[in-house]
$ cat upload24.csv   # CSV, C-alpha atoms
chain,number,residue,atom,x,y,z
A,1,MET,CA,91.4,90.6,111.2
A,2,CYS,CA,91.4,88.2,108.2
A,3,THR,CA,91.4,84.6,109.3
A,4,ALA,CA,90.0,82.9,106.2
A,5,TYR,CA,90.6,83.3,102.5
A,6,GLU,CA,89.8,81.3,99.4
A,7,ILE,CA,91.8,80.2,96.3
A,8,GLY,CA,90.5,78.6,93.1
A,9,LYS,CA,89.2,81.3,90.8
A,10,LYS,CA,90.3,81.5,87.2
A,11,GLY,CA,91.7,85.0,86.6
A,12,VAL,CA,93.1,86.1,83.3
A,13,ASN,CA,95.4,88.9,84.4
A,14,PHE,CA,98.5,88.2,86.4
A,15,PRO,CA,101.3,90.7,87.5
A,16,LYS,CA,104.4,90.6,85.4
A,17,ARG,CA,106.5,89.3,88.3
A,18,ILE,CA,104.5,86.1,88.5
A,19,SER,CA,106.4,83.3,86.6
A,20,ARG,CA,104.7,81.4,83.8
A,21,LYS,CA,104.9,78.2,85.9
A,22,ALA,CA,103.2,79.9,88.8
A,23,VAL,CA,100.5,81.2,86.5
A,24,GLU,CA,99.9,77.7,85.2
A,25,GLU,CA,99.7,76.3,88.7
A,26,LEU,CA,97.2,78.9,89.8
A,27,ARG,CA,95.0,78.4,86.8
A,28,ALA,CA,95.1,74.6,87.4
A,29,VAL,CA,93.3,75.1,90.8
A,30,LYS,CA,89.8,74.2,89.8
A,31,GLU,CA,88.2,73.5,93.2
A,32,ARG,CA,87.5,76.3,95.6
A,33,ARG,CA,89.7,75.8,98.6
A,34,LEU,CA,89.5,77.6,101.9
A,35,MET,CA,92.7,78.6,103.7
A,36,ARG,CA,92.6,78.9,107.5
A,37,PRO,CA,95.4,79.6,110.0
A,38,THR,CA,98.1,76.9,110.4
A,39,LEU,CA,97.3,75.4,107.0
A,40,MET,CA,99.8,75.1,104.2
A,41,ALA,CA,99.2,77.5,101.3
A,42,SER,CA,101.0,78.7,98.2
A,43,VAL,CA,102.6,82.2,98.2
A,44,VAL,CA,104.6,84.0,95.5
A,45,ASP,CA,108.2,84.5,96.4
A,46,LEU,CA,110.6,87.3,95.1
A,47,ASP,CA,111.4,85.3,92.0
A,48,GLY,CA,107.7,85.0,91.1
A,49,GLY,CA,107.4,81.3,91.9
A,50,LEU,CA,104.9,79.6,94.1
A,51,VAL,CA,106.2,78.3,97.5
A,52,LYS,CA,104.3,76.3,100.1
A,53,MET,CA,104.3,77.9,103.5
A,54,ARG,CA,102.3,77.6,106.7
A,55,TRP,CA,99.9,80.5,107.5
A,56,GLY,CA,100.9,82.1,110.8
A,57,PHE,CA,104.1,83.1,112.6
A,58,ARG,CA,104.6,81.1,115.8
A,59,ARG,CA,105.2,83.2,118.9
A,60,GLU,CA,105.2,82.6,122.7
A,61,PHE,CA,101.7,84.1,123.0
A,62,SER,CA,100.2,82.4,119.9
A,63,ASN,CA,100.7,79.4,117.7
A,64,ALA,CA,99.6,81.4,114.6
A,65,VAL,CA,100.0,85.2,114.3
A,66,VAL,CA,98.3,85.4,110.9
A,67,ASN,CA,98.1,89.2,110.4
A,68,ALA,CA,100.9,91.8,110.6
A,69,ARG,CA,99.5,95.3,111.1
A,70,GLN,CA,100.9,98.0,108.8
A,71,ASP,CA,101.4,100.4,111.7
A,72,LYS,CA,103.5,97.8,113.5
A,73,LEU,CA,105.8,96.7,110.6
A,74,LYS,CA,108.8,98.7,111.8
A,75,GLY,CA,108.5,97.1,115.3
A,76,ARG,CA,110.7,94.2,116.5
A,77,MET,CA,108.3,91.4,115.6
A,78,TRP,CA,108.0,92.3,111.9
A,79,ARG,CA,110.8,94.6,110.8
A,80,GLU,CA,113.3,92.0,109.7
A,81,ALA,CA,110.8,90.0,107.6
A,82,MET,CA,109.5,93.2,106.1
A,83,GLU,CA,113.0,94.3,105.1
A,84,GLU,CA,114.2,90.9,103.8
A,85,ARG,CA,111.4,88.4,103.2
A,86,ARG,CA,108.4,89.6,101.3
A,87,CYS,CA,105.8,87.6,99.4
A,88,LEU,CA,102.5,87.8,97.7
A,89,ILE,CA,99.4,85.9,98.8
A,90,PRO,CA,97.1,85.0,95.9
A,91,ALA,CA,93.5,84.9,96.9
A,92,ALA,CA,90.2,84.5,95.1
A,93,ALA,CA,88.4,86.1,98.0
A,94,TYR,CA,88.7,86.7,101.7
A,95,TYR,CA,86.2,86.6,104.6
A,96,GLU,CA,85.2,88.9,107.5
A,97,TRP,CA,82.5,88.8,110.0
A,98,SER,CA,80.4,91.5,111.6
A,99,GLY,CA,77.7,91.7,114.3
A,100,PRO,CA,77.2,90.4,117.8
A,101,LYS,CA,78.4,87.0,119.0
A,102,GLY,CA,75.9,84.4,118.1
A,103,ALA,CA,74.4,86.4,115.2
A,104,LYS,CA,77.4,87.2,113.1
A,105,ARG,CA,77.1,88.0,109.4
A,106,THR,CA,79.7,86.6,107.0
A,107,HIS,CA,81.0,88.9,104.3
A,108,ARG,CA,82.9,87.7,101.2
A,109,PHE,CA,85.3,90.2,99.6
A,110,GLU,CA,86.4,89.6,96.0
A,111,SER,CA,87.5,91.4,92.8
A,112,PRO,CA,84.6,93.0,90.9
A,113,ALA,CA,86.3,91.8,87.7
A,114,GLY,CA,86.7,88.2,88.9
A,115,GLU,CA,90.4,88.5,89.1
A,116,TRP,CA,92.9,87.2,91.7
A,117,LEU,CA,93.5,89.4,94.7
A,118,TRP,CA,97.3,90.0,95.5
A,119,ILE,CA,97.8,90.5,99.2
A,120,ALA,CA,101.0,91.8,100.7
A,121,GLY,CA,102.7,89.2,103.0
A,122,ILE,CA,105.9,88.5,104.8
A,123,TRP,CA,107.5,85.3,105.9
A,124,GLU,CA,110.1,83.7,108.2
A,125,GLU,CA,111.8,80.4,108.8
A,126,ASP,CA,110.7,78.4,111.8
A,127,VAL,CA,113.1,75.7,113.0
A,128,GLU,CA,110.3,73.2,113.5
A,129,LEU,CA,107.5,74.3,111.2
A,130,GLY,CA,109.6,75.5,108.2
A,131,ARG,CA,108.6,78.6,106.3
A,132,CYS,CA,105.6,80.5,107.7
A,133,PHE,CA,103.9,83.6,106.3
A,134,SER,CA,101.7,86.4,107.7
A,135,MET,CA,99.3,88.6,105.9
A,136,ILE,CA,99.8,92.4,106.1
A,137,THR,CA,96.7,94.3,107.1
A,138,THR,CA,95.8,98.0,106.9
A,139,GLU,CA,93.0,100.4,107.6
A,140,PRO,CA,89.7,99.5,105.8
A,141,ARG,CA,88.8,101.3,102.6
A,142,GLY,CA,86.0,101.1,100.1
A,143,ALA,CA,83.9,98.0,100.5
A,144,ALA,CA,85.6,97.1,103.7
A,145,LEU,CA,84.5,100.2,105.6
A,146,GLY,CA,82.0,99.5,108.3
A,147,VAL,CA,82.6,95.7,108.2
A,148,HIS,CA,85.9,95.5,110.2
A,149,ASP,CA,88.5,97.8,111.5
A,150,ARG,CA,91.3,96.1,109.4
A,151,MET,CA,91.6,94.7,105.9
A,152,PRO,CA,94.3,92.8,104.0
A,153,ALA,CA,96.7,95.0,102.1
A,154,VAL,CA,95.4,94.2,98.7
A,155,LEU,CA,97.8,95.4,95.9
A,156,SER,CA,97.1,96.5,92.4
A,157,GLU,CA,99.0,94.6,89.7
A,158,GLU,CA,101.3,97.6,89.3
A,159,GLU,CA,102.0,97.7,93.1
A,160,THR,CA,103.0,94.0,93.3
A,161,GLY,CA,106.5,94.5,91.8
A,162,VAL,CA,107.1,97.6,93.9
A,163,PHE,CA,106.2,95.8,97.0
A,164,LEU,CA,108.4,92.7,96.3
A,165,ASP,CA,111.3,95.1,95.6
A,166,GLY,CA,111.0,96.6,99.1
A,167,GLY,CA,109.4,99.9,98.0
A,168,MET,CA,106.2,100.0,100.1
A,169,TRP,CA,105.8,100.3,103.8
A,170,GLU,CA,102.3,101.9,103.8
A,171,PHE,CA,99.2,100.5,102.0
A,172,HIS,CA,96.2,102.3,100.6
A,173,PRO,CA,94.1,99.7,98.7
A,174,ALA,CA,92.0,101.4,96.0
A,175,ALA,CA,88.3,101.4,96.6
A,176,GLY,CA,87.6,99.7,93.3
A,177,LEU,CA,89.7,96.6,94.0
A,178,LEU,CA,87.0,94.9,96.1
A,179,GLU,CA,83.3,94.3,96.2
A,180,VAL,CA,81.5,92.6,99.2
A,181,ARG,CA,78.5,90.5,99.5
A,182,ASP,CA,76.9,88.4,102.2
A,183,ALA,CA,78.7,85.1,101.8
A,184,VAL,CA,77.3,81.7,101.2
A,185,ASN,CA,79.1,78.7,102.7
A,186,PRO,CA,82.1,78.2,100.4
A,187,LEU,CA,81.9,74.4,101.0
A,188,THR,CA,78.1,73.8,100.6
A,189,GLY,CA,76.9,76.7,98.6
A,190,LYS,CA,74.0,77.2,101.0
A,191,ALA,CA,72.7,80.5,102.5
A,192,PRO,CA,75.0,82.4,104.8
A,193,PRO,CA,75.1,80.9,108.3
A,194,PRO,CA,74.2,83.0,111.3
A,195,VAL,CA,77.3,82.1,113.3
A,196,GLN,CA,80.9,82.4,112.3
A,197,GLY,CA,81.8,78.9,113.4
A,198,GLU,CA,79.2,77.3,111.1
A,199,LEU,CA,80.8,78.8,108.0
A,200,PHE,CA,83.3,76.0,107.5

$ encode --input "upload24.csv" --output "structure tokens"
Amino acid sequence: MCTAYEIGKKGVNFPKRISRKAVEELRAVKERRLMRPTLMASVVDLDGGLVKMRWGFRREFSNAVVNARQDKLKGRMWREAMEERRCLIPAAAYYEWSGPKGAKRTHRFESPAGEWLWIAGIWEEDVELGRCFSMITTEPRGAALGVHDRMPAVLSEEETGVFLDGGMWEFHPAAGLLEVRDAVNPLTGKAPPPVQGELF
């Protein structure tokens, strides 16, 4: 389950659906910034613009449901948002952890070409919190195999428009979209910490 991703990489390729203003705003992010549950982040709406939303749907059992499983999208919790309110989550990289408690390894997934990752997302309006988004996850493929049993639904540039237009309910990220490495601390640049909680 992805609970951390990063923005701040300068990519040169952007999907056609992303507005010129959104491209300029993403290119202007020079510092690496770490996004965690409940933080405000920029997502791409149906019109291709960037909109600030809180990461995580609020539910009775959780203050931030940050991932929506592909195999549950037609269920009561997610269906309306999937049918009516889709978005793209721009990310420079995302993080996962593996190994036993107290000795976890941190893995950083990113584009081999140094481009932005475009992750499928959905959103809803919360009466108190405003707009909130959740990241769609699917079965792991390629570099994500063996690290975690889920991965974000990373879209190719061609798939982004199809997804925003409501044409995708299943996701099969191409193996070549991601590469993985043991992560350094994105805030200090030091060697990977042994425990998940020490990463940030």

$ atom_distance --input "upload24.csv" --atom1 "CA of Thr106 in chain A" --atom2 "CA of Ile122 in chain A"
26.4 Å

$ closest_atom_pairs --input "upload24.csv" --of "range 38-149 of chain A" --to "range 169-180 of chain A" --cutoff "12 Å" --atoms "only C-alpha atoms" --output "tab-separated table"
residue	atom	partner	partner_atom	distance
A:Ala68	CA	A:Trp169	CA	11.9
A:Arg69	CA	A:Glu170	CA	10.2
A:Gln70	CA	A:Glu170	CA	6.5
A:Asp71	CA	A:Glu170	CA	8.1
A:Lys72	CA	A:Trp169	CA	10.3
A:Leu73	CA	A:Trp169	CA	7.7
A:Lys74	CA	A:Trp169	CA	8.7
A:Trp78	CA	A:Trp169	CA	11.6
A:Arg79	CA	A:Trp169	CA	10.3
A:Met82	CA	A:Trp169	CA	8.3
A:Glu83	CA	A:Trp169	CA	9.5
A:Arg86	CA	A:Trp169	CA	11.3
A:Ala91	CA	A:Leu178	CA	12.0
A:Ala92	CA	A:Leu178	CA	10.9
A:Ala93	CA	A:Leu178	CA	9.1
A:Tyr94	CA	A:Val180	CA	9.6
A:Tyr95	CA	A:Val180	CA	9.3
A:Glu96	CA	A:Val180	CA	9.8
A:Trp97	CA	A:Val180	CA	11.5
A:Thr106	CA	A:Val180	CA	10.0
A:His107	CA	A:Val180	CA	6.3
A:Arg108	CA	A:Val180	CA	5.5
A:Phe109	CA	A:Val180	CA	4.5
A:Glu110	CA	A:Leu178	CA	5.3
A:Ser111	CA	A:Leu178	CA	4.8
A:Pro112	CA	A:Glu179	CA	5.6
A:Ala113	CA	A:Leu177	CA	8.6
A:Gly114	CA	A:Leu178	CA	9.8
A:Glu115	CA	A:Leu177	CA	9.5
A:Trp116	CA	A:Leu177	CA	10.2
A:Leu117	CA	A:Leu177	CA	8.2
A:Trp118	CA	A:Leu177	CA	10.2
A:Ile119	CA	A:Pro173	CA	9.9
A:Ala120	CA	A:Phe171	CA	9.0
A:Gly121	CA	A:Trp169	CA	11.6
A:Ile122	CA	A:Trp169	CA	11.8
A:Ile136	CA	A:Phe171	CA	9.1
A:Thr137	CA	A:Phe171	CA	8.4
A:Thr138	CA	A:Phe171	CA	6.5
A:Glu139	CA	A:His172	CA	7.9
A:Pro140	CA	A:Pro173	CA	8.4
A:Arg141	CA	A:Ala175	CA	6.0
A:Gly142	CA	A:Ala175	CA	4.2
A:Ala143	CA	A:Glu179	CA	5.7
A:Ala144	CA	A:Val180	CA	7.6
A:Leu145	CA	A:Ala175	CA	9.8
A:Gly146	CA	A:Val180	CA	11.4
A:Val147	CA	A:Val180	CA	9.6

$ closest_residue --input "upload24.csv" --among "A:Val127, A:Val29, A:Leu164, A:Leu39" --to "Val66 in chain A" --atoms "only C-alpha atoms"
A:Leu39

$ closest_residue --input "upload24.csv" --among "A:Ala81, A:Leu26, A:Met53, A:Val65" --to "Cys132 in chain A" --atoms "all atoms listed in the file"
A:Met53

$ residues_around --input "upload24.csv" --residues "Ala22 in chain A" --least-positions-apart "2" --cutoff "6 Å" --atoms "all atoms listed in the file" --output "list in words"
Ser19, Arg20, Glu24, Glu25, Gly49 and Leu50 of chain A

$ residues_around --input "upload24.csv" --residues "Ser42 in chain A" --least-positions-apart "5" --cutoff "9 Å" --atoms "only C-alpha atoms" --output "PyMOL selection string"
chain A and resi 50-54+89-90

$ atom_distance --input "upload24.csv" --atom1 "CA of Arg76 in chain A" --atom2 "CA of Asp47 in chain A"
26.1 Å

$ atom_distance --input "upload24.csv" --atom1 "CA of Met135 in chain A" --atom2 "CA of Pro15 in chain A"
18.6 Å

$ decode --input "upload24.csv" --residues "range 13-47 of chain A" --atoms "C-alpha atoms" --output "compact mmCIF listing (two decimals), in the first residue's frame"
# COMPACT_ATOMS: atom_id res chain seq x y z
CA ASN A 13 7.09 14.74 -21.57
CA PHE A 14 3.54 15.51 -20.46
CA PRO A 15 0.26 13.91 -21.56
CA LYS A 16 -1.78 15.94 -24.03
CA ARG A 17 -4.58 16.36 -21.49
CA ILE A 18 -2.37 18.34 -19.11
CA SER A 19 -2.91 22.08 -19.57
CA ARG A 20 -0.03 24.39 -20.39
CA LYS A 21 -0.51 26.17 -17.06
CA ALA A 22 -0.35 22.83 -15.17
CA VAL A 23 2.84 21.89 -17.05
CA GLU A 24 4.41 25.20 -16.06
CA GLU A 25 3.38 24.73 -12.43
CA LEU A 26 4.85 21.22 -12.29
CA ARG A 27 8.08 22.30 -13.92
CA ALA A 28 8.36 25.11 -11.37
CA VAL A 29 8.58 22.63 -8.46
CA LYS A 30 12.33 22.64 -7.91
CA GLU A 31 12.55 21.13 -4.42
CA ARG A 32 11.78 17.48 -3.80
CA ARG A 33 8.65 17.33 -1.68
CA LEU A 34 7.30 14.29 0.09
CA MET A 35 3.54 13.69 0.09
CA ARG A 36 2.06 11.73 3.01
CA PRO A 37 -1.55 10.90 3.98
CA THR A 38 -3.74 13.88 5.00
CA LEU A 39 -1.41 16.41 3.33
CA MET A 40 -2.62 18.73 0.58
CA ALA A 41 -1.28 17.83 -2.86
CA SER A 42 -1.84 18.85 -6.47
CA VAL A 43 -3.82 16.51 -8.72
CA VAL A 44 -4.85 16.89 -12.35
CA ASP A 45 -8.60 17.28 -12.91
CA LEU A 46 -10.69 16.38 -15.97
CA ASP A 47 -9.87 19.72 -17.60
